[in-house]
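Structure file my_file-v1.cif; described as mmCIF, C-alpha atoms.
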```cif
data_target
loop_
_atom_site.label_atom_id
_atom_site.label_comp_id
_atom_site.auth_asym_id
_atom_site.auth_seq_id
_atom_site.Cartn_x
_atom_site.Cartn_y
_atom_site.Cartn_z
CA MET A 1 20.28 -29.01 35.67
CA ALA A 2 18.46 -25.90 36.83
CA GLU A 3 16.23 -25.58 33.78
CA SER A 4 15.09 -29.16 33.77
CA GLY A 5 12.16 -28.22 35.98
CA VAL A 6 10.79 -25.68 33.52
CA THR A 7 8.41 -26.27 30.65
CA TYR A 8 8.31 -23.79 27.78
CA THR A 9 4.96 -23.30 26.09
CA LEU A 10 4.26 -21.16 23.04
CA ASN A 11 1.67 -18.55 23.91
CA GLN A 12 -0.74 -19.47 21.13
CA PRO A 13 -3.05 -18.45 19.66
CA ARG A 14 -2.18 -15.01 21.02
CA PHE A 15 1.18 -14.92 19.23
CA ALA A 16 2.00 -15.89 15.67
CA PHE A 17 5.49 -15.78 14.21
CA ARG A 18 7.35 -16.20 10.95
CA HIS A 19 10.96 -17.19 10.64
CA TRP A 20 13.37 -16.64 7.76
CA ASP A 21 17.14 -17.08 7.53
CA ASP A 22 17.62 -13.36 8.16
CA GLY A 23 15.30 -12.98 11.11
CA CYS A 24 11.98 -13.61 12.72
CA VAL A 25 8.90 -11.49 13.37
CA ALA A 26 6.27 -12.25 16.00
CA HIS A 27 2.78 -10.77 16.02
CA ASP A 28 0.76 -10.17 19.17
CA GLU A 29 -2.93 -10.48 18.39
CA ALA A 30 -3.78 -8.72 21.64
CA ASP A 31 -2.64 -5.30 20.47
CA GLY A 32 -1.23 -5.79 16.97
CA SER A 33 2.38 -5.33 18.07
CA LEU A 34 5.18 -6.80 16.01
CA TYR A 35 8.47 -7.97 17.53
CA GLU A 36 11.65 -8.34 15.51
CA LEU A 37 13.55 -11.37 16.77
CA THR A 38 16.94 -12.83 15.91
CA PRO A 39 17.28 -15.74 13.48
CA ALA A 40 18.30 -17.91 16.46
CA ALA A 41 15.12 -17.03 18.32
CA GLY A 42 13.14 -17.83 15.19
CA LEU A 43 14.82 -21.21 14.91
CA VAL A 44 14.10 -22.08 18.53
CA LEU A 45 10.45 -20.99 18.23
CA THR A 46 10.09 -23.01 15.04
CA GLU A 47 11.44 -26.13 16.74
CA LEU A 48 9.25 -25.53 19.78
CA GLN A 49 6.22 -25.29 17.52
CA ALA A 50 7.26 -28.50 15.75
CA MET A 51 7.29 -30.19 19.17
CA GLY A 52 3.63 -29.38 19.65
CA GLY A 53 4.27 -25.96 21.19
CA GLN A 54 5.63 -27.31 24.48
CA ALA A 55 8.96 -28.73 25.65
CA ASP A 56 11.47 -28.62 28.44
CA GLY A 57 14.94 -27.11 28.02
CA MET A 58 16.78 -30.36 27.47
CA ALA A 59 14.39 -31.64 24.83
CA LEU A 60 14.25 -28.29 23.07
CA ALA A 61 18.04 -27.90 23.01
CA SER A 62 18.40 -31.43 21.64
CA LYS A 63 15.93 -30.65 18.87
CA VAL A 64 17.57 -27.34 17.96
CA LEU A 65 21.10 -28.73 17.94
CA GLN A 66 20.19 -32.14 16.50
CA ALA A 67 22.65 -33.53 19.03
CA GLN A 68 23.10 -34.10 22.73
CA PRO A 69 23.29 -30.56 24.18
CA GLU A 70 25.95 -29.44 26.55
CA HIS A 71 25.29 -27.44 29.67
CA ASP A 72 26.13 -24.14 27.93
CA ASP A 73 23.70 -24.87 25.11
CA ILE A 74 20.88 -25.47 27.52
CA GLN A 75 21.85 -22.32 29.39
CA LEU A 76 21.60 -20.27 26.19
CA ILE A 77 18.21 -21.73 25.36
CA GLN A 78 17.09 -20.99 28.90
CA GLU A 79 18.23 -17.35 28.67
CA LEU A 80 16.52 -16.95 25.32
CA MET A 81 13.32 -18.42 26.69
CA VAL A 82 13.39 -16.03 29.62
CA GLN A 83 13.62 -13.12 27.18
CA LEU A 84 10.80 -14.52 25.05
CA GLY A 85 8.84 -15.06 28.23
CA GLU A 86 9.25 -11.39 29.14
CA LEU A 87 7.72 -10.51 25.75
CA GLY A 88 4.89 -12.94 26.44
CA ILE A 89 5.69 -15.09 23.42
CA VAL A 90 6.33 -18.19 25.55
CA ARG A 91 5.16 -19.15 29.00
CA LEU A 92 7.61 -20.61 31.50
CA GLU A 93 5.93 -23.03 33.83
CA PRO A 94 7.19 -25.47 36.44
CA ALA A 95 7.29 -28.97 34.99
CA MET B 96 -29.14 3.94 -17.06
CA LYS B 97 -27.31 6.04 -19.57
CA ARG B 98 -23.58 5.84 -19.14
CA ARG B 99 -21.39 8.23 -20.97
CA LEU B 100 -17.68 8.41 -21.45
CA ILE B 101 -16.35 11.49 -19.72
CA ALA B 102 -14.20 12.26 -22.76
CA ASP B 103 -17.37 12.43 -24.89
CA THR B 104 -19.05 14.85 -22.51
CA PRO B 105 -18.62 18.60 -22.91
CA LEU B 106 -16.93 20.13 -19.88
CA HIS B 107 -19.83 22.52 -19.27
CA THR B 108 -22.30 19.60 -19.18
CA LEU B 109 -20.22 17.71 -16.63
CA GLN B 110 -19.69 20.86 -14.64
CA ALA B 111 -23.41 21.64 -14.54
CA GLN B 112 -24.31 18.12 -13.47
CA LEU B 113 -21.59 18.08 -10.80
CA ALA B 114 -22.90 21.34 -9.41
CA SER B 115 -26.52 20.18 -9.27
CA ALA B 116 -27.42 16.55 -8.48
CA GLY B 117 -23.87 15.28 -8.88
CA VAL B 118 -22.49 12.46 -11.02
CA PHE B 119 -21.77 8.80 -10.53
CA VAL B 120 -18.30 7.92 -11.79
CA ALA B 121 -16.99 4.39 -12.35
CA MET B 122 -13.58 4.26 -10.69
CA PRO B 123 -12.94 0.53 -10.62
CA PRO B 124 -13.42 -1.24 -8.32
CA PHE B 125 -15.64 1.52 -6.94
CA VAL B 126 -18.55 3.67 -7.97
CA VAL B 127 -18.30 7.16 -6.53
CA HIS B 128 -20.99 9.81 -6.43
CA ILE B 129 -19.42 13.26 -6.64
CA ARG B 130 -20.91 16.70 -6.20
CA SER B 131 -19.04 19.94 -6.59
CA GLY B 132 -19.69 23.42 -7.87
CA ILE B 133 -15.98 24.14 -8.10
CA ALA B 134 -14.66 24.59 -11.63
CA VAL B 135 -11.27 23.01 -10.95
CA VAL B 136 -12.95 19.80 -9.78
CA ALA B 137 -14.89 19.57 -13.03
CA GLU B 138 -11.75 20.34 -15.04
CA GLY B 139 -9.75 17.74 -13.15
CA LEU B 140 -12.40 15.04 -13.55
CA HIS B 141 -12.84 15.89 -17.22
CA ARG B 142 -9.14 15.62 -17.93
CA MET B 143 -7.99 12.91 -15.51
CA TYR B 144 -10.97 10.57 -15.80
CA ALA B 145 -11.57 11.05 -19.52
CA GLY B 146 -11.50 7.31 -20.13
CA GLN B 147 -14.09 6.51 -17.47
CA HIS B 148 -17.88 6.47 -17.55
CA TRP B 149 -20.32 8.64 -15.68
CA TRP B 150 -24.07 8.79 -15.27
CA ALA B 151 -26.51 10.96 -13.44
CA GLU B 152 -29.50 8.82 -12.67
CA GLU B 153 -29.94 7.59 -9.15
CA GLY B 154 -30.65 3.92 -8.60
CA GLU B 155 -27.24 2.37 -8.45
CA PHE B 156 -25.19 1.77 -5.34
CA ALA B 157 -22.33 4.17 -4.78
CA ASP B 158 -19.46 3.05 -2.58
CA PHE B 159 -18.86 6.64 -1.52
CA ARG B 160 -20.85 9.85 -1.80
CA VAL B 161 -18.46 12.75 -1.69
CA GLU B 162 -18.64 16.46 -2.17
CA VAL B 163 -16.03 19.16 -2.55
CA ARG B 164 -17.61 22.50 -1.88
CA ALA B 165 -16.44 26.05 -1.80
CA ARG B 166 -16.30 27.89 1.46
CA ARG B 167 -16.31 31.60 1.06
CA ARG B 168 -13.63 33.36 3.00
CA TRP B 169 -13.11 37.06 3.16
CA LEU B 170 -9.62 37.07 1.67
CA ARG B 171 -8.90 33.58 0.50
CA PRO B 172 -11.45 31.23 -1.05
CA MET B 173 -11.32 27.77 0.47
CA CYS B 174 -12.80 24.34 -0.21
CA GLU B 175 -13.84 21.46 1.99
CA PHE B 176 -14.28 17.75 1.39
CA GLN B 177 -17.24 15.76 2.65
CA ALA B 178 -17.75 12.01 2.52
CA ASP B 179 -21.15 10.64 3.43
CA GLY B 180 -21.73 13.73 5.51
CA LEU B 181 -18.38 13.60 7.34
CA GLN B 182 -15.73 16.26 6.96
CA PRO B 183 -12.42 14.53 7.67
CA PHE B 184 -10.03 17.33 6.68
CA THR B 185 -9.56 20.97 7.49
CA PRO B 186 -10.44 23.22 4.52
CA LEU B 187 -7.81 23.88 1.87
CA ALA B 188 -7.29 26.62 -0.70
CA LEU B 189 -9.82 26.54 -3.52
CA GLY B 190 -7.09 25.78 -6.07
CA GLU B 191 -6.44 22.48 -4.30
CA ALA B 192 -10.01 21.28 -4.75
CA PHE B 193 -9.26 18.53 -7.28
CA ALA B 194 -6.25 17.32 -5.29
CA MET B 195 -8.48 17.34 -2.23
CA LEU B 196 -10.99 15.14 -4.03
CA GLU B 197 -8.21 12.66 -4.82
CA TRP B 198 -6.86 12.70 -1.26
CA GLY B 199 -10.40 12.38 0.04
CA LEU B 200 -11.06 9.33 -2.11
CA ASN B 201 -7.88 7.74 -0.75
CA TRP B 202 -9.16 8.47 2.75
CA CYS B 203 -12.50 6.79 1.92
CA ILE B 204 -10.81 3.66 0.61
CA THR B 205 -8.32 3.28 3.44
CA GLY B 206 -10.89 4.18 6.06
CA TYR B 207 -13.75 1.96 4.97
CA CYS B 208 -12.61 -0.81 2.64
CA HIS B 209 -11.31 -3.32 5.15
CA HIS B 210 -12.07 -6.38 3.07
CA TRP B 211 -8.63 -5.62 1.61
CA LEU B 212 -5.36 -5.22 3.42
CA ALA B 213 -4.29 -1.79 2.18
CA LEU B 214 -0.69 -0.66 1.88
CA HIS B 215 0.65 2.74 0.92
CA ALA B 216 2.41 1.64 -2.24
CA ALA B 217 2.33 1.89 -6.00
CA VAL B 218 1.52 -1.32 -7.88
CA LEU B 219 2.25 -2.18 -11.50
CA GLU B 220 2.14 -5.43 -13.44
CA ARG B 221 3.92 -6.96 -16.37
CA GLY B 222 3.84 -10.49 -17.70
CA GLY B 223 1.38 -11.61 -15.06
CA ARG B 224 3.46 -10.51 -12.07
CA ALA B 225 3.02 -7.32 -10.08
CA VAL B 226 5.61 -5.17 -8.41
CA ILE B 227 4.69 -3.44 -5.17
CA LEU B 228 6.55 -0.18 -4.53
CA PRO B 229 6.13 0.99 -0.95
CA ALA B 230 7.92 4.23 -0.25
CA PRO B 231 7.64 7.42 1.75
CA PRO B 232 7.02 10.80 0.09
CA GLY B 233 10.05 12.13 -1.72
CA SER B 234 11.41 8.73 -2.65
CA GLY B 235 10.63 9.08 -6.34
CA LYS B 236 7.91 6.45 -6.22
CA SER B 237 5.37 8.30 -8.35
CA THR B 238 7.95 9.41 -10.93
CA LEU B 239 9.07 5.81 -11.29
CA CYS B 240 5.48 4.61 -11.32
CA ALA B 241 4.40 7.00 -14.09
CA SER B 242 7.48 6.15 -16.15
CA LEU B 243 6.85 2.43 -15.79
CA MET B 244 3.22 2.87 -16.85
CA ALA B 245 4.27 4.80 -19.93
CA HIS B 246 6.86 2.08 -20.60
CA GLY B 247 4.30 -0.73 -20.86
CA TRP B 248 3.70 -1.75 -17.27
CA ARG B 249 0.03 -1.91 -16.29
CA LEU B 250 -0.86 0.46 -13.48
CA LEU B 251 -2.92 -1.02 -10.66
CA SER B 252 -2.45 1.98 -8.40
CA ASP B 253 -0.07 4.79 -7.62
CA GLU B 254 -1.01 4.97 -3.95
CA LEU B 255 -2.78 1.85 -2.69
CA ALA B 256 -1.85 -1.80 -2.82
CA LEU B 257 -5.17 -3.54 -2.12
CA ILE B 258 -4.43 -7.13 -1.12
CA ASP B 259 -7.26 -9.65 -0.99
CA PRO B 260 -6.49 -11.58 2.22
CA SER B 261 -8.24 -14.69 0.96
CA THR B 262 -6.19 -15.00 -2.24
CA GLY B 263 -3.15 -12.77 -1.80
CA LEU B 264 -3.99 -11.16 -5.16
CA LEU B 265 -3.80 -7.43 -5.78
CA THR B 266 -6.98 -5.60 -6.79
CA PRO B 267 -6.49 -2.81 -9.33
CA CYS B 268 -7.62 0.67 -8.43
CA PRO B 269 -6.20 2.72 -11.31
CA ARG B 270 -6.64 6.40 -10.55
CA PRO B 271 -4.55 9.40 -11.60
CA ILE B 272 -0.94 9.40 -10.47
CA SER B 273 -0.17 12.07 -7.92
CA LEU B 274 2.93 14.08 -8.78
CA LYS B 275 4.71 16.57 -6.61
CA ASN B 276 7.23 19.34 -7.16
CA ALA B 277 10.18 18.46 -9.43
CA SER B 278 8.54 15.28 -10.74
CA ILE B 279 5.87 17.39 -12.48
CA ASP B 280 8.34 19.04 -14.84
CA ILE B 281 10.36 15.86 -15.26
CA LEU B 282 7.31 13.94 -16.43
CA ARG B 283 5.91 16.82 -18.45
CA GLN B 284 9.11 16.70 -20.50
CA ARG B 285 9.35 12.93 -20.53
CA LEU B 286 5.71 12.22 -21.30
CA PRO B 287 4.48 15.29 -23.19
CA HIS B 288 1.44 13.48 -24.62
CA VAL B 289 0.08 12.23 -21.32
CA PRO B 290 -2.55 14.64 -19.94
CA MET B 291 -1.97 16.24 -16.59
CA GLY B 292 -4.58 17.69 -14.29
CA PRO B 293 -4.90 21.06 -12.60
CA VAL B 294 -1.79 22.23 -10.80
CA ALA B 295 -2.24 23.14 -7.14
CA HIS B 296 0.48 25.44 -5.83
CA ASP B 297 1.62 26.00 -2.26
CA THR B 298 -0.08 22.95 -0.78
CA LEU B 299 1.30 21.27 2.34
CA LYS B 300 3.00 18.87 -0.06
CA GLY B 301 4.33 21.67 -2.28
CA THR B 302 3.12 21.88 -5.88
CA VAL B 303 0.79 19.01 -6.73
CA CYS B 304 -0.60 17.75 -10.01
CA HIS B 305 -2.03 14.48 -11.35
CA LEU B 306 -1.23 12.40 -14.42
CA GLN B 307 -3.85 10.47 -16.39
CA VAL B 308 -3.92 6.67 -16.26
CA ASN B 309 -3.37 5.03 -19.63
CA ALA B 310 -6.06 3.16 -21.56
CA ASP B 311 -4.58 -0.31 -21.09
CA SER B 312 -4.54 0.02 -17.31
CA LEU B 313 -8.17 1.14 -17.32
CA ALA B 314 -9.28 -1.56 -19.74
CA ARG B 315 -7.78 -4.23 -17.47
CA ALA B 316 -9.01 -2.75 -14.20
CA ALA B 317 -11.01 -5.89 -13.42
CA GLU B 318 -7.94 -8.15 -13.63
CA PRO B 319 -6.29 -8.84 -10.28
CA ALA B 320 -2.56 -9.52 -10.26
CA MET B 321 -0.24 -11.91 -8.49
CA PRO B 322 2.55 -10.20 -6.53
CA GLY B 323 5.98 -10.94 -7.94
CA TRP B 324 8.22 -8.40 -6.22
CA VAL B 325 8.28 -5.98 -3.34
CA ILE B 326 10.73 -3.21 -4.18
CA PHE B 327 11.54 -0.28 -1.90
CA PRO B 328 12.54 2.51 -4.31
CA ARG B 329 14.67 5.52 -3.52
CA TYR B 330 15.65 8.28 -5.88
CA GLN B 331 19.09 9.65 -5.09
CA SER B 332 20.63 12.27 -7.33
CA GLY B 333 23.79 10.99 -8.99
CA ALA B 334 23.62 7.57 -7.35
CA PRO B 335 24.50 4.49 -9.38
CA LEU B 336 21.69 2.05 -10.00
CA SER B 337 21.44 -0.49 -7.22
CA LEU B 338 19.11 -3.43 -6.69
CA GLN B 339 19.94 -5.30 -3.50
CA PRO B 340 18.00 -8.14 -1.87
CA ARG B 341 16.43 -7.12 1.40
CA GLY B 342 15.90 -9.35 4.42
CA LYS B 343 12.41 -10.80 4.63
CA ALA B 344 11.92 -10.02 8.32
CA GLU B 345 13.01 -6.42 7.85
CA ALA B 346 10.81 -6.12 4.76
CA LEU B 347 7.80 -7.38 6.67
CA LEU B 348 8.36 -4.74 9.34
CA GLU B 349 8.70 -2.06 6.67
CA LEU B 350 5.51 -3.22 4.96
CA GLN B 351 3.55 -3.09 8.19
CA ARG B 352 4.70 0.52 8.62
CA ASN B 353 3.08 1.20 5.24
CA ALA B 354 -0.13 -0.69 6.06
CA PHE B 355 -3.25 1.36 6.67
CA ASN B 356 -5.37 -1.33 8.26
CA ARG B 357 -3.27 -4.30 9.33
CA HIS B 358 -4.69 -3.96 12.83
CA VAL B 359 -8.16 -4.66 11.47
CA HIS B 360 -7.03 -8.02 10.08
CA GLY B 361 -5.16 -9.29 13.16
CA HIS B 362 -3.20 -12.51 12.66
CA ARG B 363 -4.63 -12.86 9.15
CA GLY B 364 -3.11 -9.52 8.15
CA PHE B 365 0.23 -10.56 9.61
CA GLU B 366 0.12 -13.85 7.73
CA VAL B 367 -0.81 -12.10 4.47
CA LEU B 368 2.20 -9.80 4.70
CA ALA B 369 4.47 -12.65 5.79
CA ASP B 370 3.30 -14.73 2.81
CA LEU B 371 3.87 -11.73 0.55
CA VAL B 372 7.53 -11.29 1.49
CA THR B 373 8.09 -15.05 1.49
CA ARG B 374 6.77 -15.58 -2.03
CA THR B 375 8.16 -12.50 -3.75
CA GLY B 376 11.55 -11.10 -4.60
CA VAL B 377 12.24 -8.35 -2.07
CA TYR B 378 14.72 -5.61 -2.92
CA ASP B 379 16.03 -2.18 -2.03
CA PHE B 380 16.29 -0.13 -5.19
CA THR B 381 18.25 3.09 -5.65
CA TYR B 382 18.22 5.04 -8.90
CA SER B 383 19.05 8.40 -10.37
CA GLN B 384 18.35 7.80 -14.08
CA ILE B 385 14.85 6.81 -15.09
CA ASP B 386 15.95 4.96 -18.22
CA GLU B 387 18.32 2.79 -16.18
CA ALA B 388 15.53 2.11 -13.73
CA LEU B 389 13.18 1.04 -16.51
CA ALA B 390 15.78 -1.30 -17.98
CA CYS B 391 16.30 -2.86 -14.56
CA PHE B 392 12.58 -3.48 -14.10
CA ASP B 393 12.34 -4.91 -17.60
CA ALA B 394 15.16 -7.31 -16.76
CA LEU B 395 13.34 -8.44 -13.63
CA ALA B 396 10.18 -9.08 -15.61
CA ALA B 397 12.15 -10.95 -18.26
CA GLU B 398 13.77 -13.16 -15.60
CA GLN B 399 10.37 -13.92 -14.15
CA GLY B 400 9.04 -14.77 -17.58
CA ALA B 401 11.96 -17.08 -18.27
CA ALA B 402 11.67 -18.82 -14.90
#
```

Rendering of file as structure tokens:
Amino acid sequence: MAESGVTYTLNQPRFAFRHWDDGCVAHDEADGSLYELTPAAGLVLTELQAMGGQADGMALASKVLQAQPEHDDIQLIQELMVQLGELGIVRLEPA
Amino acid sequence: MKRRLIADTPLHTLQAQLASAGVFVAMPPFVVHIRSGIAVVAEGLHRMYAGQHWWAEEGEFADFRVEVRARRRWLRPMCEFQADGLQPFTPLALGEAFAMLEWGLNWCITGYCHHWLALHAAVLERGGRAVILPAPPGSGKSTLCASLMAHGWRLLSDELALIDPSTGLLTPCPRPISLKNASIDILRQRLPHVPMGPVAHDTLKGTVCHLQVNADSLARAAEPAMPGWVIFPRYQSGAPLSLQPRGKAEALLELQRNAFNRHVHGHRGFEVLADLVTRTGVYDFTYSQIDEALACFDALAAEQGAA
């Protein structure tokens, strides 16, 4: 799979986040900005943090779904991670 | 050091001392040194801070040294506010001098007291739990706040929620409640025995006046309070009473818009606000009838007590 060569790493300690059922807010220590994120993004970030702040797409999707992910699931995680990467909240690095 | 209750001091004595060396006034949790030769400042202090102590002798630390002084103008007498030698505001009409003192004190607290995370919000407490009421001007916050105080809720502040980042507790700062426009007459009729301060007309905020803090709130000014609720109030004429849970993420964003100094606290400030919305009941509140609003708040407090 295309994403299998990418590792996602939480950009900590620069970013902190809090996740509730209704949404998620991330805080950028660099300039004090707050980002309102979807509940799904909050869930994925929470699972990534629980995995030590670093995981690849397959492992992260398995953790989020609590099941063997299908290709589409991994694709969605990948797209989400790209968006979070553009905000600087996660870093996308070659495995 | 001889401390005297302002209520026990003749107005002319206070006025003379204010105009000369100035007075130290205990405004928990602060001590403020005030100088002013303007009569309306003396009248406002005498009426609005009647339950507080003052003294004249130097020797004690003052958190802020402020002065409201007259500036002679050819047609229109003006006043200006100074804090520790700085003049943060443009001059206002002389009749606004007491209001300017109050606004200036708010500026001092939000500008210098960064050991708290400060929000623009009213705070009241009942049964050991505090309600935080963040709201923009015109939302009916102060009318609701004054009514709750008169109804048995302890006032911590009408304007500033001071959150201790290390404990999450709210520090009381009970100062006169700032009323504007229609709320002045509403509360004058509703609370005829509660003293009001000088009325300033034609300010940028319209007509402005202050309402005295009650004795219980002053007597308990050293007692911090645990947050129990964050309620975003909105007065809407004719609207039915409504208390609806609000999303935590959205509430956090709204709180940060009302924070004066979150940037100073960095991640810690973010975590404090996130903890606040996580641990409290967060609601949007719409009201048109004060008595209904009071009953609703009483019910919340009763639920908390029963829990």

Closest atom pairs, residues of chain B within 10 Å of chain A, all atoms listed in the file, as CSV:
```
residue,atom,partner,partner_atom,distance
B:Arg341,CA,A:Asp22,CA,9.3
B:Gly342,CA,A:Asp22,CA,5.7
B:Lys343,CA,A:Trp20,CA,6.7
B:Ala344,CA,A:Gly23,CA,5.3
B:Glu345,CA,A:Gly23,CA,7.7
B:Leu347,CA,A:Val25,CA,7.9
B:Leu348,CA,A:Leu34,CA,7.7
B:Gln351,CA,A:Leu34,CA,8.8
B:Arg357,CA,A:Gly32,CA,8.0
B:His358,CA,A:Gly32,CA,5.7
B:Val359,CA,A:Gly32,CA,8.9
B:His360,CA,A:Gly32,CA,9.3
B:Gly361,CA,A:Glu29,CA,5.8
B:His362,CA,A:Glu29,CA,6.1
B:Arg363,CA,A:Glu29,CA,9.7
B:Gly364,CA,A:Gly32,CA,9.8
B:Phe365,CA,A:His27,CA,6.9
B:Glu366,CA,A:Arg18,CA,8.3
B:Ala369,CA,A:Arg18,CA,6.9
B:Asp370,CA,A:Arg18,CA,9.2
B:Thr373,CA,A:Trp20,CA,8.3
```

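Candidate residues B:Met122, B:Gly247, B:Val372, B:Ala277 were compared for distance to B:Asp393, and the nearest is B:Gly247, using only C-alpha atoms.
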
Six-sided padding of 3 Å per side, axis-aligned box over stretch 108-116 of chain B, centre and edges in Å, one decimal, as AutoDock Vina command-line options:
```
--center_x -23.6 --center_y 19.1 --center_z -13.8 --size_x 13.7 --size_y 11.1 --size_z 16.7
```

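Take the PyMOL selection byres ((chain A and resi 11) around 7) and apply it to this file: it picks Thr9, Leu10, Gln12, Pro13, Arg14, Phe15, Gly88, Ile89, Val90 and Arg91 of chain A.
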
**Q.** Resolved residues for the PyMOL selection byres ((chain B and resi 305-320) around 9) as a ChimeraX atom specification
**A.** /B:123-124,139,142-147,194,219-220,223-225,241,244-245,247-251,264-275,279,282,289-294,303-304,321-323

Got time to write the residues from that selection, C-alpha atoms, as a PDB file, in the frame of the given file?
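Result went into part-v9.pdb, see below:
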```
ATOM      1  CA  PRO B 123     -12.940   0.530 -10.620  1.00  0.00           C
ATOM      2  CA  PRO B 124     -13.420  -1.240  -8.320  1.00  0.00           C
ATOM      3  CA  GLY B 139      -9.750  17.740 -13.150  1.00  0.00           C
ATOM      4  CA  ARG B 142      -9.140  15.620 -17.930  1.00  0.00           C
ATOM      5  CA  MET B 143      -7.990  12.910 -15.510  1.00  0.00           C
ATOM      6  CA  TYR B 144     -10.970  10.570 -15.800  1.00  0.00           C
ATOM      7  CA  ALA B 145     -11.570  11.050 -19.520  1.00  0.00           C
ATOM      8  CA  GLY B 146     -11.500   7.310 -20.130  1.00  0.00           C
ATOM      9  CA  GLN B 147     -14.090   6.510 -17.470  1.00  0.00           C
ATOM     10  CA  ALA B 194      -6.250  17.320  -5.290  1.00  0.00           C
ATOM     11  CA  LEU B 219       2.250  -2.180 -11.500  1.00  0.00           C
ATOM     12  CA  GLU B 220       2.140  -5.430 -13.440  1.00  0.00           C
ATOM     13  CA  GLY B 223       1.380 -11.610 -15.060  1.00  0.00           C
ATOM     14  CA  ARG B 224       3.460 -10.510 -12.070  1.00  0.00           C
ATOM     15  CA  ALA B 225       3.020  -7.320 -10.080  1.00  0.00           C
ATOM     16  CA  ALA B 241       4.400   7.000 -14.090  1.00  0.00           C
ATOM     17  CA  MET B 244       3.220   2.870 -16.850  1.00  0.00           C
ATOM     18  CA  ALA B 245       4.270   4.800 -19.930  1.00  0.00           C
ATOM     19  CA  GLY B 247       4.300  -0.730 -20.860  1.00  0.00           C
ATOM     20  CA  TRP B 248       3.700  -1.750 -17.270  1.00  0.00           C
ATOM     21  CA  ARG B 249       0.030  -1.910 -16.290  1.00  0.00           C
ATOM     22  CA  LEU B 250      -0.860   0.460 -13.480  1.00  0.00           C
ATOM     23  CA  LEU B 251      -2.920  -1.020 -10.660  1.00  0.00           C
ATOM     24  CA  LEU B 264      -3.990 -11.160  -5.160  1.00  0.00           C
ATOM     25  CA  LEU B 265      -3.800  -7.430  -5.780  1.00  0.00           C
ATOM     26  CA  THR B 266      -6.980  -5.600  -6.790  1.00  0.00           C
ATOM     27  CA  PRO B 267      -6.490  -2.810  -9.330  1.00  0.00           C
ATOM     28  CA  CYS B 268      -7.620   0.670  -8.430  1.00  0.00           C
ATOM     29  CA  PRO B 269      -6.200   2.720 -11.310  1.00  0.00           C
ATOM     30  CA  ARG B 270      -6.640   6.400 -10.550  1.00  0.00           C
ATOM     31  CA  PRO B 271      -4.550   9.400 -11.600  1.00  0.00           C
ATOM     32  CA  ILE B 272      -0.940   9.400 -10.470  1.00  0.00           C
ATOM     33  CA  SER B 273      -0.170  12.070  -7.920  1.00  0.00           C
ATOM     34  CA  LEU B 274       2.930  14.080  -8.780  1.00  0.00           C
ATOM     35  CA  LYS B 275       4.710  16.570  -6.610  1.00  0.00           C
ATOM     36  CA  ILE B 279       5.870  17.390 -12.480  1.00  0.00           C
ATOM     37  CA  LEU B 282       7.310  13.940 -16.430  1.00  0.00           C
ATOM     38  CA  VAL B 289       0.080  12.230 -21.320  1.00  0.00           C
ATOM     39  CA  PRO B 290      -2.550  14.640 -19.940  1.00  0.00           C
ATOM     40  CA  MET B 291      -1.970  16.240 -16.590  1.00  0.00           C
ATOM     41  CA  GLY B 292      -4.580  17.690 -14.290  1.00  0.00           C
ATOM     42  CA  PRO B 293      -4.900  21.060 -12.600  1.00  0.00           C
ATOM     43  CA  VAL B 294      -1.790  22.230 -10.800  1.00  0.00           C
ATOM     44  CA  VAL B 303       0.790  19.010  -6.730  1.00  0.00           C
ATOM     45  CA  CYS B 304      -0.600  17.750 -10.010  1.00  0.00           C
ATOM     46  CA  MET B 321      -0.240 -11.910  -8.490  1.00  0.00           C
ATOM     47  CA  PRO B 322       2.550 -10.200  -6.530  1.00  0.00           C
ATOM     48  CA  GLY B 323       5.980 -10.940  -7.940  1.00  0.00           C
TER      49      GLY B 323
END
```

Would you kindly return, as a compact mmCIF listing (two decimals) with C-alpha atoms, in the frame of the given file, each protein, DNA or RNA residue with an atom no farther than 12 Å from any atom of A:Pro69, considering all atoms listed in the file and excluding same-chain residues fewer than 4 positions away?
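The resulting part-v6.txt:
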```txt
# COMPACT_ATOMS: atom_id res chain seq x y z
CA MET A 1 20.28 -29.01 35.67
CA GLY A 57 14.94 -27.11 28.02
CA MET A 58 16.78 -30.36 27.47
CA ALA A 59 14.39 -31.64 24.83
CA LEU A 60 14.25 -28.29 23.07
CA ALA A 61 18.04 -27.90 23.01
CA SER A 62 18.40 -31.43 21.64
CA LYS A 63 15.93 -30.65 18.87
CA VAL A 64 17.57 -27.34 17.96
CA LEU A 65 21.10 -28.73 17.94
CA ASP A 73 23.70 -24.87 25.11
CA ILE A 74 20.88 -25.47 27.52
CA GLN A 75 21.85 -22.32 29.39
CA LEU A 76 21.60 -20.27 26.19
CA ILE A 77 18.21 -21.73 25.36
```

Q | Shell of 9 Å around B:Glu175, all atoms listed in the file, local chain residues under 6 positions omitted, as JSON, numbers by chain | A | {"B": [162, 163, 164, 165, 166, 182, 184, 185, 186, 187, 188, 189, 192, 195]}

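For the choices B:Phe119, B:Tyr382, B:Trp211, B:Trp150, the atom-to-atom distance to B:Gln339 is smallest for B:Tyr382 when using only C-alpha atoms.
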
(Q) Expand the PyMOL selection byres ((chain A and resi 7) around 6) into the explicit residue set it covers here, and present it as a list in words. (A) Val6, Tyr8, Ala55, Asp56, Leu92, Glu93, Pro94 and Ala95 of chain A

Q) Pick from B:Gly222, B:Pro105, B:Gly301, B:Pro328: nearest to B:Thr381, with only C-alpha atoms counted? A) B:Pro328

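The interatomic distance for the pair atom CA of A:Ala67 and atom CA of A:Thr46 works out to 16.9 Å.
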